[in-house]
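Trainee: Right, I'll just put the structure down here and ask away after.
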Amino acid sequence: MLSPSQHTPEFVLPDSQIHVAALRSIMIFTLISGMWIGKTKLGIVLSTIPIFLAISMFVILNIISMLRMGSVRKISHVELFFELFADIIALSTVLYFSGGISNPFASFYLLLLTIGVMVLPARFSWPLAALVLGCYTGLIFFFEPLVHTHDPLSGRNPAFNLHTVGAWMTFVLSTLILAILVVKIMASLRERERRLAKAREESLRNERIVALGAFAAGAAHQLGTPLSTIAVIAKELERRLGGSSELDEMLRTLRAQVDVCKHTLTELTQNTSAERIESCALCPADVFLTETLNDWRETRPEATLRIYQPVVGMVPNIIAEPTLKQALINVLNNAADVSPGAIEVRAEWNDGELSVDVIDGGPGFSDHNLMRAGRATFSTKAEGQGLGIGLYLARAALERFGGSLTLANRTAGGVHAKVLIRGSY
């Protein structure tokens with residue numbers, strides 16, 4: 001049985017398809033121009049019909065290639081190989097009826113071979129090289145010579161002049177085309193490597209998030225019973241030790257925090273299916289922000305927020321997805337851990353996105369940690385006071401829905417975290 005790698009066709013990059021079509025267009029223009037100049041200006045007799053048919057093959061191939069570039073379907077390496085194969089045959093036909101290798105446009109063989117070698121794998125490049133070598137060798141012995149008139153008394157030879165000028169033009173074109181193609185193709189390869197590196201990074205991040213999710217699910221299952229026990233004991237203590245307003249307030253706070261934990265664990269076990277994500281309702285950005293800040297205040301009553309948000313403007317709709325809400329809460333928690341009494345939240349929105357700036361007055365990040373923040377799991381807090389996954393999960397959740405998290409140190413001290421959530425209609 002064939003493995004997927006053996007029967008899955010490989011495809012040509014879109015930029016490479018554009019380069020092939022551009023090269024073919026240049027060849028068409030150059031061959032037609034050379035044929036017209038030789039026939040009308042220099043009096044060279046050419047077999048017009050077969051040359052015209054060969055150039056027409058170039059035109060048809062280019063039209064088909066351009067139409068396929070506009071379609072959704074990708075072009076495989078096999079298809080491009082046969083396109084270049086047909087190009088070489090068409091060029092050989094033109095050269096056969098116009099002087100063979102004495103025609104300066106024979107250098108176009110190298111252009112076709114160069115782009116084939118750069119775009120196609122080795123198993124296609126070598127057959128193309130063999131075809132080019134065979135055609136070029138054959139044209140040494142089999143061709144129709146150029147018939148021309150010349151004036152030996154004046155010492156001028158139109159055929160020699162044509163060959164010299166044509167060879168110079170072809171060399172210049174070949175140099176420019178090769179330089180442009182190599183630069184563009186190498187840029188495409190570098191961009192492809194960059195995308196592959198980013199995909200590998202995202203894959204590793206997703207694997208870590210899945211592992212964290214599995215661990216969180218197990219922890220949620222294990223924490224249910226202890227939290228229920230704490231809630232029962234807190235209620236019993238409140239009943240037995242009631243009477244002290246300060247103690248009553250502490251016990252009520254304890255029970256409220258336990259209820260928040262139990263509610264969070266319930267959401268964790270319920271909000272994990274793909275069906276739930278697809279069925280999430282849309283929520284106005286101002287409502288989403290208000291609900292998120294109110295929920296956060298319940299868990300961090302000691303923190304002080306100064307909130308600034310616009311009172312006018314079109315309010316975008318935000319996907320009411322719990323992980324987006326948790327992402328913003330994680331950023332707020334990170335700010336509250338370093339400066340609970342000085343946190344600013346500045347919200348802005350337009351018709352396409354919600355932007356939330358969270359500004360704290362803490363010590364900020366070191367340059368090294370600033371580069372890692374949100375991209376790696378680490379904590380700058382004392383041992384046992386943090387897991388180091390808050391910003392990491394926040395960035396992953398935001399990027400999953402097209403948003404972003406940007407962190408920067410402030411010159412006055414503290415960190416400026418910018419949360420961007422894409423809107424939806």
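Just remember, in the structure tokens the first chain shown is A, the second B, etc., residues are 1-based per chain, and ligands are 1-based in the order shown.
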Excluding A:Met314 and any residue of its chain fewer than 3 positions from it, enumerate the residues within 8 Å of it, using only C-alpha atoms, and give them as a ChimeraX atom specification.
Mentor: /A:349-351
Trainee: Write a file of the just-selected residues containing N, CA, C and O atoms, as a compact mmCIF listing (two decimals), in the first residue's frame.
Mentor:
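part-v9.txt, written as the output of this step:
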```
# COMPACT_ATOMS: atom_id res chain seq x y z
N TRP A 349 -12.82 51.05 20.10
CA TRP A 349 -13.37 50.15 19.10
C TRP A 349 -13.74 50.91 17.84
O TRP A 349 -13.93 52.12 17.85
N ASN A 350 -13.82 50.18 16.78
CA ASN A 350 -14.34 50.71 15.52
C ASN A 350 -15.26 49.66 14.95
O ASN A 350 -15.68 48.74 15.67
N ASP A 351 -15.56 49.75 13.65
CA ASP A 351 -16.53 48.82 13.08
C ASP A 351 -15.96 47.43 12.84
O ASP A 351 -16.66 46.54 12.39
```
Trainee: If you run DSSP on the backbone here, which positions in stretch 17-85 of chain A get alpha helix (DSSP H)? Please write them as a PyMOL selection string.
Mentor: chain A and resi 17-40+48-69+77-85
Trainee: Contacts of A:Ile185 at 9 Å or less, counting only C-alpha atoms, minus same-chain residues fewer than 5 places along, as a list of chain:residue names?
Mentor: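 In the requested format, the answer is A:Asp15, A:Ser16, A:His19, A:Met118, A:Val119, A:Ile180, A:Arg190.
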Trainee: What does the file look like for those residues with N, CA and C atoms, as a short mmCIF file (atom, residue, chain, number, x, y, z; two decimals), in the first residue's frame?
Mentor:
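Produced file again_22.cif, reproduced below:
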```cif
data_model
loop_
_atom_site.label_atom_id
_atom_site.label_comp_id
_atom_site.auth_asym_id
_atom_site.auth_seq_id
_atom_site.Cartn_x
_atom_site.Cartn_y
_atom_site.Cartn_z
N ASP A 15 3.63 31.85 -6.81
CA ASP A 15 4.63 32.79 -7.35
C ASP A 15 5.42 32.16 -8.49
N SER A 16 5.71 30.86 -8.37
CA SER A 16 6.46 30.18 -9.43
C SER A 16 5.63 30.09 -10.71
N HIS A 19 5.97 33.34 -12.41
CA HIS A 19 7.28 33.49 -13.06
C HIS A 19 7.33 32.76 -14.40
N MET A 118 14.74 25.35 -11.03
CA MET A 118 14.49 26.08 -9.79
C MET A 118 13.12 25.77 -9.20
N VAL A 119 12.17 25.43 -10.04
CA VAL A 119 10.79 25.23 -9.57
C VAL A 119 10.47 23.76 -9.33
N ILE A 180 16.13 38.52 -12.23
CA ILE A 180 14.81 38.77 -11.63
C ILE A 180 14.21 37.48 -11.10
N ARG A 190 12.36 31.81 0.74
CA ARG A 190 12.55 32.31 2.11
C ARG A 190 11.21 32.54 2.80
#
```
Trainee: Compile the contact shell of A:Phe401 as a PDB file with N, CA and C atoms, in the first residue's frame: residues with an atom at most 9 Å away, counting only C-alpha atoms, same-chain residues fewer than 6 positions apart removed.
Mentor:
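Saved result, around.pdb, follows:
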```pdb
ATOM      1  N   ILE A 319     -17.381  37.704  19.224  1.00  0.00           N
ATOM      2  CA  ILE A 319     -17.798  36.322  19.467  1.00  0.00           C
ATOM      3  C   ILE A 319     -17.713  36.050  20.965  1.00  0.00           C
ATOM      4  N   LEU A 324     -11.825  33.816  24.908  1.00  0.00           N
ATOM      5  CA  LEU A 324     -11.494  35.224  24.696  1.00  0.00           C
ATOM      6  C   LEU A 324     -11.669  36.011  25.981  1.00  0.00           C
ATOM      7  N   ILE A 421      -9.117  42.246  19.784  1.00  0.00           N
ATOM      8  CA  ILE A 421     -10.110  41.209  19.496  1.00  0.00           C
ATOM      9  C   ILE A 421     -10.854  41.640  18.234  1.00  0.00           C
ATOM     10  N   ARG A 422     -10.833  40.766  17.240  1.00  0.00           N
ATOM     11  CA  ARG A 422     -11.490  41.077  15.974  1.00  0.00           C
ATOM     12  C   ARG A 422     -12.994  41.057  16.126  1.00  0.00           C
TER      13      ARG A 422
END
```
Trainee: Determine, counting only C-alpha atoms, which protein, DNA and RNA residues have an atom within 8 Å of an atom of A:Ile88; residues of the same chain fewer than 5 positions away are not included. Present the result as a list in words.
Mentor: Tyr109, Leu112, Leu131 and Val132 of chain A
Trainee: The selected residues should be written to file as an mmCIF file, in the first residue's frame (atoms: N, CA and C atoms).
Mentor:
```
data_model
loop_
_atom_site.group_PDB
_atom_site.id
_atom_site.type_symbol
_atom_site.label_atom_id
_atom_site.label_comp_id
_atom_site.auth_asym_id
_atom_site.auth_seq_id
_atom_site.Cartn_x
_atom_site.Cartn_y
_atom_site.Cartn_z
ATOM 1 N N TYR A 109 16.643 28.366 -24.534
ATOM 2 C CA TYR A 109 16.681 27.020 -23.951
ATOM 3 C C TYR A 109 17.131 27.086 -22.484
ATOM 4 N N LEU A 112 14.430 28.429 -20.091
ATOM 5 C CA LEU A 112 13.408 27.426 -19.775
ATOM 6 C C LEU A 112 13.963 26.367 -18.820
ATOM 7 N N LEU A 131 16.229 16.753 -22.514
ATOM 8 C CA LEU A 131 15.462 17.206 -23.681
ATOM 9 C C LEU A 131 16.106 18.436 -24.310
ATOM 10 N N VAL A 132 16.515 19.387 -23.487
ATOM 11 C CA VAL A 132 17.156 20.599 -24.009
ATOM 12 C C VAL A 132 18.451 20.246 -24.730
#
```
Trainee: Select, from A:Leu53, A:Pro301, A:Leu120, A:Phe105, the residue with the minimum atom-to-atom distance to A:Thr93, counting only C-alpha atoms.
Mentor: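 Under the stated criterion, the closest residue is A:Leu53.
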Trainee: Mind giving me the straight-line distance from atom CA of A:Lys41 to atom CA of A:Met57 in Å, one decimal?
Mentor: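 Going from atom CA of A:Lys41 over to atom CA of A:Met57, I get 25.4 Å.
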